[in-house]
file input.cif (mmCIF, C-alpha atoms, pLDDT in the B column; chains and numbers go by the auth columns)
data_protein
#
loop_
_atom_site.group_PDB
_atom_site.id
_atom_site.type_symbol
_atom_site.label_atom_id
_atom_site.label_comp_id
_atom_site.label_asym_id
_atom_site.label_seq_id
_atom_site.Cartn_x
_atom_site.Cartn_y
_atom_site.Cartn_z
_atom_site.B_iso_or_equiv
_atom_site.auth_seq_id
_atom_site.auth_asym_id
ATOM 1 C CA MET A 1 6.356 -6.130 10.258 28.00 296 P
ATOM 2 C CA GLU A 2 8.146 -5.512 6.961 33.00 297 P
ATOM 3 C CA VAL A 3 11.091 -3.157 6.734 30.00 298 P
ATOM 4 C CA ALA A 4 11.984 -1.089 3.689 34.00 299 P
ATOM 5 C CA GLN A 5 15.574 -0.211 2.865 36.00 300 P
ATOM 6 C CA CYS A 6 16.107 3.329 1.668 37.00 301 P
ATOM 7 C CA CYS A 7 19.435 4.383 0.210 37.00 302 P
ATOM 8 C CA LEU A 8 20.200 7.998 1.150 38.00 303 P
ATOM 9 C CA VAL A 9 23.207 9.930 -0.053 37.00 304 P
ATOM 10 C CA GLY A 10 24.932 12.118 2.510 36.00 305 P
ATOM 11 C CA VAL A 11 27.483 14.845 1.851 29.00 306 P
ATOM 12 C CA ASP A 12 30.478 12.507 1.787 28.00 307 P
ATOM 13 C CA THR A 13 28.919 9.152 2.516 29.00 308 P
ATOM 14 C CA ILE A 14 26.421 6.768 1.026 29.00 309 P
ATOM 15 C CA TYR A 15 24.569 4.987 3.792 28.00 310 P
ATOM 16 C CA LEU A 16 21.546 2.788 4.266 29.00 311 P
ATOM 17 C CA SER A 17 18.703 3.967 6.430 46.00 312 P
ATOM 18 C CA THR A 18 15.979 1.622 7.551 53.00 313 P
ATOM 19 C CA VAL A 19 12.533 3.052 6.939 64.00 314 P
ATOM 20 C CA ASP A 20 10.209 1.041 9.152 79.00 315 P
ATOM 21 C CA TYR A 21 6.461 1.035 9.198 83.00 316 P
ATOM 22 C CA GLN A 22 5.328 3.142 12.123 85.00 317 P
ATOM 23 C CA ARG A 23 2.875 1.793 14.666 88.00 318 P
ATOM 24 C CA ASP A 24 0.583 3.524 17.094 84.00 319 P
ATOM 25 C CA GLU A 25 -2.531 2.500 18.989 85.00 320 P
ATOM 26 C CA HIS A 26 -4.730 1.795 15.994 87.00 321 P
ATOM 27 C CA ARG A 27 -2.549 2.085 12.883 89.00 322 P
ATOM 28 C CA VAL A 28 0.441 0.736 11.050 88.00 323 P
ATOM 29 C CA HIS A 29 1.643 3.155 8.393 87.00 324 P
ATOM 30 C CA LEU A 30 4.379 4.404 6.106 88.00 325 P
ATOM 31 C CA ILE A 31 3.380 7.798 4.642 92.00 326 P
ATOM 32 C CA VAL A 32 6.178 9.435 2.661 92.00 327 P
ATOM 33 C CA TYR A 33 5.796 12.411 0.310 95.00 328 P
ATOM 34 C CA HIS A 34 8.104 13.795 -2.357 94.00 329 P
ATOM 35 C CA LEU A 35 7.213 17.495 -2.615 97.00 330 P
ATOM 36 C CA VAL A 36 8.584 20.157 -4.960 97.00 331 P
ATOM 37 C CA TRP A 37 7.734 23.865 -5.091 98.00 332 P
ATOM 38 C CA THR A 38 9.209 26.916 -6.793 98.00 333 P
ATOM 39 C CA PRO A 39 9.616 30.636 -6.184 98.00 334 P
ATOM 40 C CA LYS A 40 7.337 32.992 -8.087 96.00 335 P
ATOM 41 C CA ARG A 41 8.330 33.186 -11.758 94.00 336 P
ATOM 42 C CA ARG A 42 10.862 30.459 -10.993 95.00 337 P
ATOM 43 C CA LYS A 43 13.372 33.134 -9.988 95.00 338 P
ATOM 44 C CA ALA A 44 16.719 31.820 -8.750 97.00 339 P
ATOM 45 C CA VAL A 45 16.459 33.523 -5.338 97.00 340 P
ATOM 46 C CA LEU A 46 17.219 30.528 -3.084 98.00 341 P
ATOM 47 C CA VAL A 47 20.967 31.132 -2.841 97.00 342 P
ATOM 48 C CA ASN A 48 23.519 31.911 -0.122 97.00 343 P
ATOM 49 C CA ALA A 49 21.959 33.211 3.113 98.00 344 P
ATOM 50 C CA VAL A 50 18.419 32.837 1.749 98.00 345 P
ATOM 51 C CA ALA A 51 18.988 29.139 1.022 98.00 346 P
ATOM 52 C CA THR A 52 20.614 28.558 4.406 98.00 347 P
ATOM 53 C CA GLU A 53 17.794 30.236 6.303 98.00 348 P
ATOM 54 C CA CYS A 54 15.162 28.496 4.160 98.00 349 P
ATOM 55 C CA ARG A 55 16.675 25.108 5.022 98.00 350 P
ATOM 56 C CA ALA A 56 16.724 25.945 8.737 98.00 351 P
ATOM 57 C CA LEU A 57 13.085 27.117 8.657 98.00 352 P
ATOM 58 C CA ILE A 58 11.869 23.963 6.884 98.00 353 P
ATOM 59 C CA GLU A 59 13.853 21.772 9.288 98.00 354 P
ATOM 60 C CA ARG A 60 12.372 23.667 12.250 98.00 355 P
ATOM 61 C CA LYS A 61 8.792 23.355 10.963 98.00 356 P
ATOM 62 C CA CYS A 62 9.204 19.633 10.291 98.00 357 P
ATOM 63 C CA SER A 63 10.701 19.099 13.727 98.00 358 P
ATOM 64 C CA GLU A 64 7.861 21.029 15.411 98.00 359 P
ATOM 65 C CA ARG A 65 5.254 18.928 13.606 98.00 360 P
ATOM 66 C CA ASN A 66 7.140 15.653 14.148 96.00 361 P
ATOM 67 C CA TRP A 67 7.649 15.183 10.398 97.00 362 P
ATOM 68 C CA GLN A 68 10.815 13.289 9.534 96.00 363 P
ATOM 69 C CA ILE A 69 12.885 14.796 6.719 96.00 364 P
ATOM 70 C CA LEU A 70 14.416 11.990 4.677 94.00 365 P
ATOM 71 C CA GLU A 71 16.009 14.371 2.161 95.00 366 P
ATOM 72 C CA LEU A 72 15.887 18.131 1.576 97.00 367 P
ATOM 73 C CA ALA A 73 17.451 19.875 -1.419 97.00 368 P
ATOM 74 C CA ILE A 74 17.322 23.639 -1.832 97.00 369 P
ATOM 75 C CA GLN A 75 18.107 24.620 -5.427 96.00 370 P
ATOM 76 C CA PRO A 76 18.292 28.254 -6.589 97.00 371 P
ATOM 77 C CA ASP A 77 14.882 27.958 -8.291 97.00 372 P
ATOM 78 C CA HIS A 78 13.090 25.104 -6.496 97.00 373 P
ATOM 79 C CA ILE A 79 12.907 22.966 -3.354 98.00 374 P
ATOM 80 C CA HIS A 80 12.673 19.182 -3.036 97.00 375 P
ATOM 81 C CA LEU A 81 11.373 17.835 0.268 97.00 376 P
ATOM 82 C CA PHE A 82 11.197 14.089 0.871 95.00 377 P
ATOM 83 C CA VAL A 83 9.341 13.769 4.168 96.00 378 P
ATOM 84 C CA ARG A 84 7.645 11.158 6.342 95.00 379 P
ATOM 85 C CA VAL A 85 4.431 12.170 8.106 96.00 380 P
ATOM 86 C CA GLN A 86 1.544 10.768 10.123 94.00 381 P
ATOM 87 C CA PRO A 87 -1.511 9.405 8.233 94.00 382 P
ATOM 88 C CA ASN A 88 -3.657 12.406 9.207 95.00 383 P
ATOM 89 C CA VAL A 89 -1.273 14.853 7.460 97.00 384 P
ATOM 90 C CA SER A 90 -1.879 15.644 3.804 97.00 385 P
ATOM 91 C CA ALA A 91 0.756 16.658 1.279 97.00 386 P
ATOM 92 C CA SER A 92 -1.003 20.006 0.888 98.00 387 P
ATOM 93 C CA GLU A 93 -0.716 20.634 4.641 98.00 388 P
ATOM 94 C CA VAL A 94 3.054 20.040 4.591 98.00 389 P
ATOM 95 C CA VAL A 95 3.515 22.352 1.594 98.00 390 P
ATOM 96 C CA GLN A 96 1.204 25.017 3.007 98.00 391 P
ATOM 97 C CA GLU A 97 2.978 25.126 6.367 98.00 392 P
ATOM 98 C CA CYS A 98 6.492 25.107 4.888 98.00 393 P
ATOM 99 C CA LYS A 99 5.675 27.709 2.229 98.00 394 P
ATOM 100 C CA GLY A 100 3.812 29.925 4.710 97.00 395 P
ATOM 101 C CA LEU A 101 6.584 29.974 7.289 98.00 396 P
ATOM 102 C CA THR A 102 9.421 30.411 4.805 98.00 397 P
ATOM 103 C CA SER A 103 7.643 33.147 2.843 98.00 398 P
ATOM 104 C CA ARG A 104 6.894 35.180 5.953 97.00 399 P
ATOM 105 C CA GLU A 105 10.317 34.803 7.563 98.00 400 P
ATOM 106 C CA LEU A 106 12.487 35.056 4.442 98.00 401 P
ATOM 107 C CA ARG A 107 10.710 38.181 3.189 97.00 402 P
ATOM 108 C CA LEU A 108 11.064 39.736 6.641 97.00 403 P
ATOM 109 C CA HIS A 109 14.842 39.138 6.770 97.00 404 P
ATOM 110 C CA HIS A 110 15.731 39.508 3.073 97.00 405 P
ATOM 111 C CA LYS A 111 14.126 42.691 1.744 96.00 406 P
ATOM 112 C CA HIS A 112 15.100 42.003 -1.891 96.00 407 P
ATOM 113 C CA LEU A 113 12.508 39.188 -1.865 96.00 408 P
ATOM 114 C CA LEU A 114 9.781 41.814 -1.452 96.00 409 P
ATOM 115 C CA ARG A 115 10.260 42.678 -5.150 94.00 410 P
ATOM 116 C CA LEU A 116 8.382 39.482 -5.982 93.00 411 P
ATOM 117 C CA PRO A 117 4.582 39.743 -5.595 94.00 412 P
ATOM 118 C CA SER A 118 4.808 36.597 -3.441 96.00 413 P
ATOM 119 C CA LEU A 119 7.740 34.328 -2.666 97.00 414 P
ATOM 120 C CA TRP A 120 6.163 31.076 -3.882 98.00 415 P
ATOM 121 C CA THR A 121 3.938 30.079 -6.782 97.00 416 P
ATOM 122 C CA ARG A 122 0.587 28.593 -5.788 96.00 417 P
ATOM 123 C CA ARG A 123 1.403 25.307 -7.469 97.00 418 P
ATOM 124 C CA TYR A 124 3.492 22.399 -6.224 97.00 419 P
ATOM 125 C CA PHE A 125 4.323 18.815 -7.141 96.00 420 P
ATOM 126 C CA ALA A 126 3.397 15.993 -4.759 96.00 421 P
ATOM 127 C CA SER A 127 4.016 12.295 -5.031 92.00 422 P
ATOM 128 C CA THR A 128 3.668 9.489 -2.541 88.00 423 P
ATOM 129 C CA ALA A 129 6.427 6.966 -2.114 78.00 424 P
ATOM 130 C CA GLY A 130 6.183 3.425 -0.881 68.00 425 P
ATOM 131 C CA ASN A 131 8.965 1.284 0.424 61.00 426 P
ATOM 132 C CA VAL A 132 9.982 0.268 -3.101 54.00 427 P
ATOM 133 C CA SER A 133 10.449 3.706 -4.671 62.00 428 P
ATOM 134 C CA ALA A 134 11.846 5.568 -1.654 71.00 429 P
ATOM 135 C CA ALA A 135 15.470 4.813 -2.603 75.00 430 P
ATOM 136 C CA THR A 136 14.932 6.065 -6.134 76.00 431 P
ATOM 137 C CA ILE A 137 13.474 9.358 -4.925 77.00 432 P
ATOM 138 C CA ALA A 138 16.250 9.867 -2.358 80.00 433 P
ATOM 139 C CA ARG A 139 18.935 9.253 -5.025 82.00 434 P
ATOM 140 C CA TYR A 140 17.204 11.658 -7.403 79.00 435 P
ATOM 141 C CA ILE A 141 17.019 14.439 -4.799 82.00 436 P
ATOM 142 C CA ALA A 142 20.623 13.866 -3.727 84.00 437 P
ATOM 143 C CA ALA A 143 21.689 14.034 -7.387 84.00 438 P
ATOM 144 C CA GLN A 144 19.899 17.386 -7.674 80.00 439 P
ATOM 145 C CA THR A 145 22.290 18.841 -5.108 70.00 440 P
ATOM 146 C CA GLY A 146 25.331 17.367 -6.853 62.00 441 P
ATOM 147 C CA LEU A 147 26.259 15.292 -3.805 55.00 442 P
#

call {"tool": "encode", "arguments": {"input": "input.cif", "output": "structure tokens"}}
result
Amino acid sequence: MEVAQCCLVGVDTIYLSTVDYQRDEHRVHLIVYHLVWTPKRRKAVLVNAVATECRALIERKCSERNWQILELAIQPDHIHLFVRVQPNVSASEVVQECKGLTSRELRLHHKHLLRLPSLWTRRYFASTAGNVSAATIARYIAAQTGL
């Protein structure tokens, strides 16, 4: 089976990660989404402890659902998630679960977020990535964090 090379940028290191097609009983697949969503009114609220906890919550949700995070960038006014999922998982499902969990938990622990009518806007950006464009998306997200 073909193998795609994906260049990911770490904190201090540039490394190559092999993104293989996944196989199970009846399928061979490579489903990768680039997702972006923003806080309500694009407020720069994802900073310091809020950003740290938001990252941990998204990582936990992805781990629970067996979704592989290829890159995650938390900016003060938006989030980029580059994630690999199973074929039966839609982009909207990933966004809905991540936004739902983070909104509930962050607003519970950080009372200043209750000033917003809701933590997240209803809209989001979603794009699929194949084995050719995965490196480009990973570099773009890494550049967003200034790494």

call {"tool": "atom_distance", "arguments": {"input": "input.cif", "atom1": "atom CA of P:Ser413", "atom2": "atom CA of P:Leu396"}}
result
12.7 Å

call {"tool": "resolve_selection", "arguments": {"input": "input.cif", "expression": "the PyMOL selection byres ((chain P and resi 402) around 12)", "output": "PyMOL selection string"}}
result
chain P and resi 340-341+345+348-349+394-401+403-415

call {"tool": "atom_distance", "arguments": {"input": "input.cif", "atom1": "atom CA of P:Arg418", "atom2": "atom CA of P:Glu366"}}
result
20.6 Å

call {"tool": "closest_residue", "arguments": {"input": "input.cif", "among": "P:Cys393, P:Ile326, P:Ile436, P:Ala430", "to": "P:Arg355", "atoms": "only C-alpha atoms"}}
result
P:Cys393

call {"tool": "atom_distance", "arguments": {"input": "input.cif", "atom1": "atom CA of P:Ala438", "atom2": "atom CA of P:Ser387"}}
result
24.9 Å

call {"tool": "resolve_selection", "arguments": {"input": "input.cif", "expression": "the PyMOL selection byres ((chain P and resi 372) around 7)", "output": "PDB file with C-alpha atoms, keeping the file's coordinate frame"}}
result
ATOM      1  CA  THR P 333       9.209  26.916  -6.793  1.00 98.00           C
ATOM      2  CA  PRO P 334       9.616  30.636  -6.184  1.00 98.00           C
ATOM      3  CA  ARG P 337      10.862  30.459 -10.993  1.00 95.00           C
ATOM      4  CA  LYS P 338      13.372  33.134  -9.988  1.00 95.00           C
ATOM      5  CA  ALA P 339      16.719  31.820  -8.750  1.00 97.00           C
ATOM      6  CA  VAL P 340      16.459  33.523  -5.338  1.00 97.00           C
ATOM      7  CA  LEU P 341      17.219  30.528  -3.084  1.00 98.00           C
ATOM      8  CA  GLN P 370      18.107  24.620  -5.427  1.00 96.00           C
ATOM      9  CA  PRO P 371      18.292  28.254  -6.589  1.00 97.00           C
ATOM     10  CA  HIS P 373      13.090  25.104  -6.496  1.00 97.00           C
TER      11      HIS P 373
END

call {"tool": "axis_aligned_box", "arguments": {"input": "input.cif", "around": "stretch 316-328 of chain P", "padding_each_side": "5 Å", "output": "lines of an AutoDock Vina configuration file"}}
result
center_x = 0.9
center_y = 6.6
center_z = 9.6
size_x = 21.2
size_y = 21.7
size_z = 28.7

call {"tool": "resolve_selection", "arguments": {"input": "input.cif", "expression": "the PyMOL selection byres ((chain P and resi 375) around 8)", "output": "PyMOL selection string"}}
result
chain P and resi 329-332+366-369+373-374+376-377+436

call {"tool": "residues_around", "arguments": {"input": "input.cif", "residues": "P:Gln317", "least_positions_apart": "2", "cutoff": "10 Å", "atoms": "all atoms listed in the file", "output": "JSON, numbers by chain"}}
result
{"P": [296, 314, 315, 319, 322, 323, 324, 325, 326, 380, 381]}

call {"tool": "closest_residue", "arguments": {"input": "input.cif", "among": "P:Val390, P:Val384, P:Val378, P:Ala351", "to": "P:Ile432", "atoms": "all atoms listed in the file"}}
result
P:Val378

call {"tool": "build_atoms", "arguments": {"input": "input.cif", "residues": "stretch 395-422 of chain P", "atoms": "N, CA and C atoms", "output": "compact mmCIF listing (two decimals), in the frame of the given file"}}
result
# COMPACT_ATOMS: atom_id res chain seq x y z
N GLY P 395 4.28 28.80 3.90
CA GLY P 395 3.81 29.92 4.71
C GLY P 395 4.90 30.46 5.63
N LEU P 396 5.53 29.56 6.36
CA LEU P 396 6.58 29.97 7.29
C LEU P 396 7.77 30.59 6.54
N THR P 397 8.24 29.92 5.50
CA THR P 397 9.42 30.41 4.80
C THR P 397 9.13 31.74 4.10
N SER P 398 7.97 31.89 3.51
CA SER P 398 7.64 33.15 2.84
C SER P 398 7.65 34.30 3.83
N ARG P 399 6.99 34.13 4.93
CA ARG P 399 6.89 35.18 5.95
C ARG P 399 8.27 35.54 6.50
N GLU P 400 9.02 34.55 6.93
CA GLU P 400 10.32 34.80 7.56
C GLU P 400 11.38 35.28 6.58
N LEU P 401 11.46 34.66 5.41
CA LEU P 401 12.49 35.06 4.44
C LEU P 401 12.25 36.47 3.92
N ARG P 402 11.00 36.84 3.68
CA ARG P 402 10.71 38.18 3.19
C ARG P 402 10.93 39.22 4.29
N LEU P 403 10.80 38.82 5.52
CA LEU P 403 11.06 39.74 6.64
C LEU P 403 12.56 40.03 6.77
N HIS P 404 13.40 39.00 6.58
CA HIS P 404 14.84 39.14 6.77
C HIS P 404 15.63 39.48 5.50
N HIS P 405 15.04 39.26 4.35
CA HIS P 405 15.73 39.51 3.07
C HIS P 405 14.83 40.40 2.22
N LYS P 406 15.02 41.70 2.35
CA LYS P 406 14.13 42.69 1.74
C LYS P 406 14.07 42.60 0.22
N HIS P 407 15.13 42.11 -0.42
CA HIS P 407 15.10 42.00 -1.89
C HIS P 407 14.02 41.02 -2.37
N LEU P 408 13.57 40.13 -1.49
CA LEU P 408 12.51 39.19 -1.86
C LEU P 408 11.14 39.88 -1.95
N LEU P 409 11.04 41.07 -1.39
CA LEU P 409 9.78 41.81 -1.45
C LEU P 409 9.49 42.32 -2.87
N ARG P 410 10.49 42.27 -3.75
CA ARG P 410 10.26 42.68 -5.15
C ARG P 410 9.34 41.70 -5.88
N LEU P 411 9.31 40.46 -5.40
CA LEU P 411 8.38 39.48 -5.98
C LEU P 411 7.00 39.71 -5.38
N PRO P 412 5.93 39.55 -6.15
CA PRO P 412 4.58 39.74 -5.60
C PRO P 412 4.28 38.76 -4.45
N SER P 413 4.85 37.58 -4.53
CA SER P 413 4.81 36.60 -3.44
C SER P 413 6.06 35.74 -3.61
N LEU P 414 6.51 35.11 -2.55
CA LEU P 414 7.74 34.33 -2.67
C LEU P 414 7.52 33.06 -3.49
N TRP P 415 6.40 32.38 -3.25
CA TRP P 415 6.16 31.08 -3.88
C TRP P 415 5.02 31.14 -4.89
N THR P 416 5.08 30.27 -5.89
CA THR P 416 3.94 30.08 -6.78
C THR P 416 2.86 29.33 -5.99
N ARG P 417 1.65 29.32 -6.48
CA ARG P 417 0.59 28.59 -5.79
C ARG P 417 0.68 27.10 -6.05
N ARG P 418 1.36 26.72 -7.10
CA ARG P 418 1.40 25.31 -7.47
C ARG P 418 2.56 24.58 -6.78
N TYR P 419 2.44 23.26 -6.76
CA TYR P 419 3.49 22.40 -6.22
C TYR P 419 3.31 21.01 -6.81
N PHE P 420 4.36 20.21 -6.72
CA PHE P 420 4.32 18.82 -7.14
C PHE P 420 4.29 17.96 -5.88
N ALA P 421 3.46 16.93 -5.89
CA ALA P 421 3.40 15.99 -4.76
C ALA P 421 3.29 14.58 -5.29
N SER P 422 4.06 13.70 -4.68
CA SER P 422 4.02 12.30 -5.03
C SER P 422 4.18 11.49 -3.76
